[in-house]
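As provided, start.cif (mmCIF, N, CA and C atoms) reads as follows.
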data_input
#
loop_
_atom_site.label_atom_id
_atom_site.label_comp_id
_atom_site.auth_asym_id
_atom_site.auth_seq_id
_atom_site.Cartn_x
_atom_site.Cartn_y
_atom_site.Cartn_z
N MET U 1 1.91 0.02 18.91
CA MET U 1 2.30 1.18 18.14
C MET U 1 1.80 1.02 16.70
N PRO U 2 1.13 2.01 16.16
CA PRO U 2 0.64 1.92 14.78
C PRO U 2 1.79 1.84 13.79
N TYR U 3 1.52 1.24 12.64
CA TYR U 3 2.50 1.17 11.56
C TYR U 3 1.77 1.26 10.24
N PHE U 4 2.53 1.30 9.16
CA PHE U 4 1.94 1.53 7.84
C PHE U 4 2.24 0.37 6.90
N ILE U 5 1.31 0.17 5.97
CA ILE U 5 1.40 -0.91 4.98
C ILE U 5 1.03 -0.34 3.61
N ILE U 6 1.24 -1.17 2.59
CA ILE U 6 0.83 -0.79 1.23
C ILE U 6 -0.23 -1.79 0.77
N ILE U 7 -1.36 -1.22 0.31
CA ILE U 7 -2.47 -2.05 -0.16
C ILE U 7 -2.86 -1.63 -1.58
N GLU U 8 -3.63 -2.48 -2.23
CA GLU U 8 -4.18 -2.15 -3.54
C GLU U 8 -5.69 -2.13 -3.44
N THR U 9 -6.28 -0.99 -3.76
CA THR U 9 -7.73 -0.84 -3.78
C THR U 9 -8.19 -0.69 -5.22
N THR U 10 -9.45 -0.48 -5.42
CA THR U 10 -9.95 -0.27 -6.78
C THR U 10 -9.42 1.04 -7.36
N ASP U 11 -8.89 1.92 -6.51
CA ASP U 11 -8.30 3.18 -6.96
C ASP U 11 -6.80 3.07 -7.21
N GLY U 12 -6.21 1.92 -6.94
CA GLY U 12 -4.77 1.73 -7.13
C GLY U 12 -4.07 1.45 -5.81
N PHE U 13 -2.75 1.62 -5.81
CA PHE U 13 -1.95 1.38 -4.61
C PHE U 13 -2.09 2.56 -3.66
N GLU U 14 -2.07 2.27 -2.36
CA GLU U 14 -2.10 3.34 -1.37
C GLU U 14 -1.48 2.86 -0.07
N VAL U 15 -1.10 3.81 0.76
CA VAL U 15 -0.56 3.54 2.09
C VAL U 15 -1.72 3.55 3.07
N ALA U 16 -1.72 2.59 3.99
CA ALA U 16 -2.76 2.51 5.01
C ALA U 16 -2.12 2.36 6.39
N CYS U 17 -2.77 2.90 7.38
CA CYS U 17 -2.30 2.82 8.76
C CYS U 17 -2.92 1.60 9.44
N VAL U 18 -2.10 0.88 10.18
CA VAL U 18 -2.58 -0.26 10.97
C VAL U 18 -2.49 0.13 12.44
N PRO U 19 -3.63 0.35 13.08
CA PRO U 19 -3.61 0.74 14.50
C PRO U 19 -3.30 -0.46 15.40
N GLU U 20 -2.96 -0.15 16.63
CA GLU U 20 -2.71 -1.22 17.61
C GLU U 20 -3.94 -2.11 17.71
N GLY U 21 -3.72 -3.40 17.84
CA GLY U 21 -4.83 -4.34 17.99
C GLY U 21 -5.35 -4.88 16.67
N LYS U 22 -4.88 -4.35 15.55
CA LYS U 22 -5.30 -4.82 14.23
C LYS U 22 -4.10 -5.39 13.51
N THR U 23 -4.36 -6.20 12.48
CA THR U 23 -3.28 -6.73 11.65
C THR U 23 -3.36 -6.12 10.26
N ALA U 24 -2.29 -6.23 9.52
CA ALA U 24 -2.26 -5.73 8.15
C ALA U 24 -3.35 -6.40 7.31
N SER U 25 -3.53 -7.68 7.49
CA SER U 25 -4.56 -8.42 6.74
C SER U 25 -5.96 -7.91 7.07
N GLN U 26 -6.20 -7.61 8.32
CA GLN U 26 -7.51 -7.09 8.72
C GLN U 26 -7.80 -5.74 8.06
N ILE U 27 -6.80 -4.87 8.04
CA ILE U 27 -6.99 -3.55 7.43
C ILE U 27 -7.28 -3.69 5.94
N ALA U 28 -6.51 -4.53 5.26
CA ALA U 28 -6.74 -4.75 3.83
C ALA U 28 -8.15 -5.30 3.60
N ARG U 29 -8.54 -6.28 4.37
CA ARG U 29 -9.87 -6.89 4.21
C ARG U 29 -10.97 -5.87 4.50
N ASP U 30 -10.80 -5.09 5.56
CA ASP U 30 -11.80 -4.08 5.92
C ASP U 30 -12.00 -3.04 4.82
N ARG U 31 -10.96 -2.78 4.06
CA ARG U 31 -11.03 -1.79 2.98
C ARG U 31 -11.33 -2.43 1.62
N GLY U 32 -11.54 -3.74 1.62
CA GLY U 32 -11.81 -4.43 0.36
C GLY U 32 -10.60 -4.39 -0.56
N ALA U 33 -9.42 -4.47 0.04
CA ALA U 33 -8.17 -4.31 -0.70
C ALA U 33 -7.34 -5.59 -0.66
N ILE U 34 -6.27 -5.56 -1.44
CA ILE U 34 -5.28 -6.64 -1.45
C ILE U 34 -4.04 -6.11 -0.74
N LEU U 35 -3.49 -6.92 0.14
CA LEU U 35 -2.28 -6.53 0.86
C LEU U 35 -1.09 -6.71 -0.08
N ILE U 36 -0.41 -5.62 -0.40
CA ILE U 36 0.74 -5.66 -1.31
C ILE U 36 2.04 -5.79 -0.54
N ASP U 37 2.19 -5.00 0.53
CA ASP U 37 3.42 -5.02 1.33
C ASP U 37 3.04 -4.77 2.78
N ALA U 38 3.25 -5.77 3.60
CA ALA U 38 2.86 -5.69 5.01
C ALA U 38 3.84 -4.89 5.86
N GLY U 39 4.90 -4.38 5.23
CA GLY U 39 5.86 -3.57 5.99
C GLY U 39 6.52 -4.38 7.10
N PRO U 40 6.44 -3.96 8.30
CA PRO U 40 5.80 -2.74 8.77
C PRO U 40 6.70 -1.52 8.58
N TYR U 41 6.11 -0.42 8.17
CA TYR U 41 6.83 0.84 8.04
C TYR U 41 6.45 1.73 9.22
N ARG U 42 7.44 2.33 9.84
CA ARG U 42 7.21 3.12 11.04
C ARG U 42 6.51 4.45 10.76
N THR U 43 6.70 4.97 9.54
CA THR U 43 6.08 6.25 9.20
C THR U 43 5.36 6.15 7.85
N PHE U 44 4.42 7.06 7.65
CA PHE U 44 3.73 7.15 6.36
C PHE U 44 4.75 7.45 5.27
N GLN U 45 5.68 8.35 5.55
CA GLN U 45 6.68 8.75 4.56
C GLN U 45 7.53 7.56 4.11
N ALA U 46 7.93 6.71 5.03
CA ALA U 46 8.74 5.54 4.68
C ALA U 46 7.96 4.61 3.75
N ALA U 47 6.70 4.38 4.07
CA ALA U 47 5.87 3.51 3.22
C ALA U 47 5.64 4.17 1.86
N HIS U 48 5.42 5.47 1.85
CA HIS U 48 5.17 6.18 0.60
C HIS U 48 6.40 6.15 -0.31
N GLU U 49 7.59 6.25 0.26
CA GLU U 49 8.82 6.18 -0.53
C GLU U 49 8.95 4.82 -1.22
N VAL U 50 8.61 3.76 -0.52
CA VAL U 50 8.63 2.42 -1.12
C VAL U 50 7.56 2.33 -2.20
N LEU U 51 6.39 2.84 -1.92
CA LEU U 51 5.29 2.82 -2.89
C LEU U 51 5.70 3.49 -4.20
N MET U 52 6.44 4.59 -4.11
CA MET U 52 6.84 5.33 -5.30
C MET U 52 7.86 4.58 -6.16
N THR U 53 8.52 3.57 -5.59
CA THR U 53 9.48 2.77 -6.36
C THR U 53 8.83 1.57 -7.05
N MET U 54 7.59 1.28 -6.69
CA MET U 54 6.90 0.13 -7.28
C MET U 54 6.42 0.45 -8.69
N PRO U 55 6.51 -0.54 -9.59
CA PRO U 55 5.98 -0.31 -10.94
C PRO U 55 4.47 -0.13 -10.90
N ASN U 56 3.97 0.72 -11.77
CA ASN U 56 2.54 1.00 -11.83
C ASN U 56 1.87 0.01 -12.78
N PRO U 57 1.09 -0.93 -12.25
CA PRO U 57 0.45 -1.92 -13.12
C PRO U 57 -0.67 -1.33 -13.96
N TYR U 58 -1.08 -0.10 -13.67
CA TYR U 58 -2.17 0.53 -14.40
C TYR U 58 -1.69 1.42 -15.53
N GLN U 59 -0.39 1.63 -15.59
CA GLN U 59 0.16 2.50 -16.62
C GLN U 59 0.11 1.81 -17.98
N GLN U 60 -0.40 2.51 -18.96
CA GLN U 60 -0.47 1.95 -20.30
C GLN U 60 0.91 1.95 -20.92
N GLN U 61 1.21 0.86 -21.62
CA GLN U 61 2.48 0.76 -22.31
C GLN U 61 2.23 0.88 -23.80
N ASN U 62 3.08 1.63 -24.46
CA ASN U 62 2.97 1.78 -25.91
C ASN U 62 3.48 0.51 -26.59
N VAL U 63 2.71 0.00 -27.52
CA VAL U 63 3.10 -1.18 -28.28
C VAL U 63 3.24 -0.74 -29.72
N TYR U 64 4.41 -0.96 -30.28
CA TYR U 64 4.66 -0.54 -31.66
C TYR U 64 4.70 -1.73 -32.58
#

Any chance you could give the structure as structure tokens?
Amino acid sequence: MPYFIIIETTDGFEVACVPEGKTASQIARDRGAILIDAGPYRTFQAAHEVLMTMPNPYQQQNVY
């Protein structure tokens, strides 16, 4: 059964689907990404909700 994971690509964090017969690590490697959260999440929505709670490492912080 397919499941969902969270990876980091050059475009930032994203949700990716892992089909049967593949592993989370294989999907991340195939996309040239870093595996952030191997889940497994049963739905895209569940993985996306977790993704939205993660801090954004690309967000600029104001320094005063």

List every residue of chain U that DSSP, applied to the backbone of this structure, places in alpha helix (DSSP H), and write the result as a PyMOL selection string.
-> chain U and resi 24-30+44-53

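For Tyr3 of chain U, the non-local neighbours within 9 Å, defined as residues at least 3 positions apart in the same chain or in other chains and counting only C-alpha atoms, are Ala16, Cys17, Val18, Pro19, Glu20, Gly39, Pro40, Tyr41, Arg42, Thr43 and Phe44 of chain U.
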
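When atom CA of Ala46 of chain U is paired with atom CA of Phe4 of chain U, their separation reads 8.5 Å.
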
Near Asp37 of chain U, counting only C-alpha atoms, which residues have an atom at most 8 Å away, once you skip same-chain residues fewer than 2 positions from it, shown as a PyMOL selection string?
-> chain U and resi 5-7+35+39

Enumerate as an NGL selection string all residues of segment 1-63 of chain U assigned to strand (DSSP E or B) by DSSP on the backbone, naming them with the chain letters and numbers the document uses.
-> :U and (3-9 or 12-18 or 34-41)

Saved selection, atoms kept: N, CA and C atoms, as a PDB file, in the frame of the given file:
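New file out11.pdb:
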ATOM      1  N   TYR U   3       1.520   1.240  12.640  1.00  0.00           N
ATOM      2  CA  TYR U   3       2.500   1.170  11.560  1.00  0.00           C
ATOM      3  C   TYR U   3       1.770   1.260  10.240  1.00  0.00           C
ATOM      4  N   PHE U   4       2.530   1.300   9.160  1.00  0.00           N
ATOM      5  CA  PHE U   4       1.940   1.530   7.840  1.00  0.00           C
ATOM      6  C   PHE U   4       2.240   0.370   6.900  1.00  0.00           C
ATOM      7  N   ILE U   5       1.310   0.170   5.970  1.00  0.00           N
ATOM      8  CA  ILE U   5       1.400  -0.910   4.980  1.00  0.00           C
ATOM      9  C   ILE U   5       1.030  -0.340   3.610  1.00  0.00           C
ATOM     10  N   ILE U   6       1.240  -1.170   2.590  1.00  0.00           N
ATOM     11  CA  ILE U   6       0.830  -0.790   1.230  1.00  0.00           C
ATOM     12  C   ILE U   6      -0.230  -1.790   0.770  1.00  0.00           C
ATOM     13  N   ILE U   7      -1.360  -1.220   0.310  1.00  0.00           N
ATOM     14  CA  ILE U   7      -2.470  -2.050  -0.160  1.00  0.00           C
ATOM     15  C   ILE U   7      -2.860  -1.630  -1.580  1.00  0.00           C
ATOM     16  N   GLU U   8      -3.630  -2.480  -2.230  1.00  0.00           N
ATOM     17  CA  GLU U   8      -4.180  -2.150  -3.540  1.00  0.00           C
ATOM     18  C   GLU U   8      -5.690  -2.130  -3.440  1.00  0.00           C
ATOM     19  N   THR U   9      -6.280  -0.990  -3.760  1.00  0.00           N
ATOM     20  CA  THR U   9      -7.730  -0.840  -3.780  1.00  0.00           C
ATOM     21  C   THR U   9      -8.190  -0.690  -5.220  1.00  0.00           C
ATOM     22  N   GLY U  12      -6.210   1.920  -6.940  1.00  0.00           N
ATOM     23  CA  GLY U  12      -4.770   1.730  -7.130  1.00  0.00           C
ATOM     24  C   GLY U  12      -4.070   1.450  -5.810  1.00  0.00           C
ATOM     25  N   PHE U  13      -2.750   1.620  -5.810  1.00  0.00           N
ATOM     26  CA  PHE U  13      -1.950   1.380  -4.610  1.00  0.00           C
ATOM     27  C   PHE U  13      -2.090   2.560  -3.660  1.00  0.00           C
ATOM     28  N   GLU U  14      -2.070   2.270  -2.360  1.00  0.00           N
ATOM     29  CA  GLU U  14      -2.100   3.340  -1.370  1.00  0.00           C
ATOM     30  C   GLU U  14      -1.480   2.860  -0.070  1.00  0.00           C
ATOM     31  N   VAL U  15      -1.100   3.810   0.760  1.00  0.00           N
ATOM     32  CA  VAL U  15      -0.560   3.540   2.090  1.00  0.00           C
ATOM     33  C   VAL U  15      -1.720   3.550   3.070  1.00  0.00           C
ATOM     34  N   ALA U  16      -1.720   2.590   3.990  1.00  0.00           N
ATOM     35  CA  ALA U  16      -2.760   2.510   5.010  1.00  0.00           C
ATOM     36  C   ALA U  16      -2.120   2.360   6.390  1.00  0.00           C
ATOM     37  N   CYS U  17      -2.770   2.900   7.380  1.00  0.00           N
ATOM     38  CA  CYS U  17      -2.300   2.820   8.760  1.00  0.00           C
ATOM     39  C   CYS U  17      -2.920   1.600   9.440  1.00  0.00           C
ATOM     40  N   VAL U  18      -2.100   0.880  10.180  1.00  0.00           N
ATOM     41  CA  VAL U  18      -2.580  -0.260  10.970  1.00  0.00           C
ATOM     42  C   VAL U  18      -2.490   0.130  12.440  1.00  0.00           C
ATOM     43  N   ILE U  34      -6.270  -5.560  -1.440  1.00  0.00           N
ATOM     44  CA  ILE U  34      -5.280  -6.640  -1.450  1.00  0.00           C
ATOM     45  C   ILE U  34      -4.040  -6.110  -0.740  1.00  0.00           C
ATOM     46  N   LEU U  35      -3.490  -6.920   0.140  1.00  0.00           N
ATOM     47  CA  LEU U  35      -2.280  -6.530   0.860  1.00  0.00           C
ATOM     48  C   LEU U  35      -1.090  -6.710  -0.080  1.00  0.00           C
ATOM     49  N   ILE U  36      -0.410  -5.620  -0.400  1.00  0.00           N
ATOM     50  CA  ILE U  36       0.740  -5.660  -1.310  1.00  0.00           C
ATOM     51  C   ILE U  36       2.040  -5.790  -0.540  1.00  0.00           C
ATOM     52  N   ASP U  37       2.190  -5.000   0.530  1.00  0.00           N
ATOM     53  CA  ASP U  37       3.420  -5.020   1.330  1.00  0.00           C
ATOM     54  C   ASP U  37       3.040  -4.770   2.780  1.00  0.00           C
ATOM     55  N   ALA U  38       3.250  -5.770   3.600  1.00  0.00           N
ATOM     56  CA  ALA U  38       2.860  -5.690   5.010  1.00  0.00           C
ATOM     57  C   ALA U  38       3.840  -4.890   5.860  1.00  0.00           C
ATOM     58  N   GLY U  39       4.900  -4.380   5.230  1.00  0.00           N
ATOM     59  CA  GLY U  39       5.860  -3.570   5.990  1.00  0.00           C
ATOM     60  C   GLY U  39       6.520  -4.380   7.100  1.00  0.00           C
ATOM     61  N   PRO U  40       6.440  -3.960   8.300  1.00  0.00           N
ATOM     62  CA  PRO U  40       5.800  -2.740   8.770  1.00  0.00           C
ATOM     63  C   PRO U  40       6.700  -1.520   8.580  1.00  0.00           C
ATOM     64  N   TYR U  41       6.110  -0.420   8.170  1.00  0.00           N
ATOM     65  CA  TYR U  41       6.830   0.840   8.040  1.00  0.00           C
ATOM     66  C   TYR U  41       6.450   1.730   9.220  1.00  0.00           C
TER      67      TYR U  41
END

Please, can segment 9-24 of chain U be completed to N, CA, C and O atoms and returned as a PDB file, keeping the file's coordinate frame?
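The resulting file, result-v3.pdb, is shown below:
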ATOM      1  N   THR U   9      -6.280  -0.990  -3.760  1.00  0.00           N
ATOM      2  CA  THR U   9      -7.730  -0.840  -3.780  1.00  0.00           C
ATOM      3  C   THR U   9      -8.190  -0.690  -5.220  1.00  0.00           C
ATOM      4  O   THR U   9      -7.362  -0.714  -6.138  1.00  0.00           O
ATOM      5  N   THR U  10      -9.450  -0.480  -5.420  1.00  0.00           N
ATOM      6  CA  THR U  10      -9.950  -0.270  -6.780  1.00  0.00           C
ATOM      7  C   THR U  10      -9.420   1.040  -7.360  1.00  0.00           C
ATOM      8  O   THR U  10      -9.463   1.242  -8.572  1.00  0.00           O
ATOM      9  N   ASP U  11      -8.890   1.920  -6.510  1.00  0.00           N
ATOM     10  CA  ASP U  11      -8.300   3.180  -6.960  1.00  0.00           C
ATOM     11  C   ASP U  11      -6.800   3.070  -7.210  1.00  0.00           C
ATOM     12  O   ASP U  11      -6.172   4.043  -7.606  1.00  0.00           O
ATOM     13  N   GLY U  12      -6.210   1.920  -6.940  1.00  0.00           N
ATOM     14  CA  GLY U  12      -4.770   1.730  -7.130  1.00  0.00           C
ATOM     15  C   GLY U  12      -4.070   1.450  -5.810  1.00  0.00           C
ATOM     16  O   GLY U  12      -4.689   1.097  -4.813  1.00  0.00           O
ATOM     17  N   PHE U  13      -2.750   1.620  -5.810  1.00  0.00           N
ATOM     18  CA  PHE U  13      -1.950   1.380  -4.610  1.00  0.00           C
ATOM     19  C   PHE U  13      -2.090   2.560  -3.660  1.00  0.00           C
ATOM     20  O   PHE U  13      -2.174   3.706  -4.080  1.00  0.00           O
ATOM     21  N   GLU U  14      -2.070   2.270  -2.360  1.00  0.00           N
ATOM     22  CA  GLU U  14      -2.100   3.340  -1.370  1.00  0.00           C
ATOM     23  C   GLU U  14      -1.480   2.860  -0.070  1.00  0.00           C
ATOM     24  O   GLU U  14      -1.362   1.654   0.179  1.00  0.00           O
ATOM     25  N   VAL U  15      -1.100   3.810   0.760  1.00  0.00           N
ATOM     26  CA  VAL U  15      -0.560   3.540   2.090  1.00  0.00           C
ATOM     27  C   VAL U  15      -1.720   3.550   3.070  1.00  0.00           C
ATOM     28  O   VAL U  15      -2.589   4.414   3.008  1.00  0.00           O
ATOM     29  N   ALA U  16      -1.720   2.590   3.990  1.00  0.00           N
ATOM     30  CA  ALA U  16      -2.760   2.510   5.010  1.00  0.00           C
ATOM     31  C   ALA U  16      -2.120   2.360   6.390  1.00  0.00           C
ATOM     32  O   ALA U  16      -1.063   1.738   6.520  1.00  0.00           O
ATOM     33  N   CYS U  17      -2.770   2.900   7.380  1.00  0.00           N
ATOM     34  CA  CYS U  17      -2.300   2.820   8.760  1.00  0.00           C
ATOM     35  C   CYS U  17      -2.920   1.600   9.440  1.00  0.00           C
ATOM     36  O   CYS U  17      -4.122   1.351   9.306  1.00  0.00           O
ATOM     37  N   VAL U  18      -2.100   0.880  10.180  1.00  0.00           N
ATOM     38  CA  VAL U  18      -2.580  -0.260  10.970  1.00  0.00           C
ATOM     39  C   VAL U  18      -2.490   0.130  12.440  1.00  0.00           C
ATOM     40  O   VAL U  18      -1.401   0.258  12.993  1.00  0.00           O
ATOM     41  N   PRO U  19      -3.630   0.350  13.080  1.00  0.00           N
ATOM     42  CA  PRO U  19      -3.610   0.740  14.500  1.00  0.00           C
ATOM     43  C   PRO U  19      -3.300  -0.460  15.400  1.00  0.00           C
ATOM     44  O   PRO U  19      -3.402  -1.621  14.976  1.00  0.00           O
ATOM     45  N   GLU U  20      -2.960  -0.150  16.630  1.00  0.00           N
ATOM     46  CA  GLU U  20      -2.710  -1.220  17.610  1.00  0.00           C
ATOM     47  C   GLU U  20      -3.940  -2.110  17.710  1.00  0.00           C
ATOM     48  O   GLU U  20      -5.079  -1.627  17.664  1.00  0.00           O
ATOM     49  N   GLY U  21      -3.720  -3.400  17.840  1.00  0.00           N
ATOM     50  CA  GLY U  21      -4.830  -4.340  17.990  1.00  0.00           C
ATOM     51  C   GLY U  21      -5.350  -4.880  16.670  1.00  0.00           C
ATOM     52  O   GLY U  21      -6.218  -5.746  16.662  1.00  0.00           O
ATOM     53  N   LYS U  22      -4.880  -4.350  15.550  1.00  0.00           N
ATOM     54  CA  LYS U  22      -5.300  -4.820  14.230  1.00  0.00           C
ATOM     55  C   LYS U  22      -4.100  -5.390  13.510  1.00  0.00           C
ATOM     56  O   LYS U  22      -2.950  -5.112  13.855  1.00  0.00           O
ATOM     57  N   THR U  23      -4.360  -6.200  12.480  1.00  0.00           N
ATOM     58  CA  THR U  23      -3.280  -6.730  11.650  1.00  0.00           C
ATOM     59  C   THR U  23      -3.360  -6.120  10.260  1.00  0.00           C
ATOM     60  O   THR U  23      -4.404  -5.568   9.870  1.00  0.00           O
ATOM     61  N   ALA U  24      -2.290  -6.230   9.520  1.00  0.00           N
ATOM     62  CA  ALA U  24      -2.260  -5.730   8.150  1.00  0.00           C
ATOM     63  C   ALA U  24      -3.350  -6.400   7.310  1.00  0.00           C
ATOM     64  O   ALA U  24      -4.038  -5.743   6.532  1.00  0.00           O
TER      65      ALA U  24
END
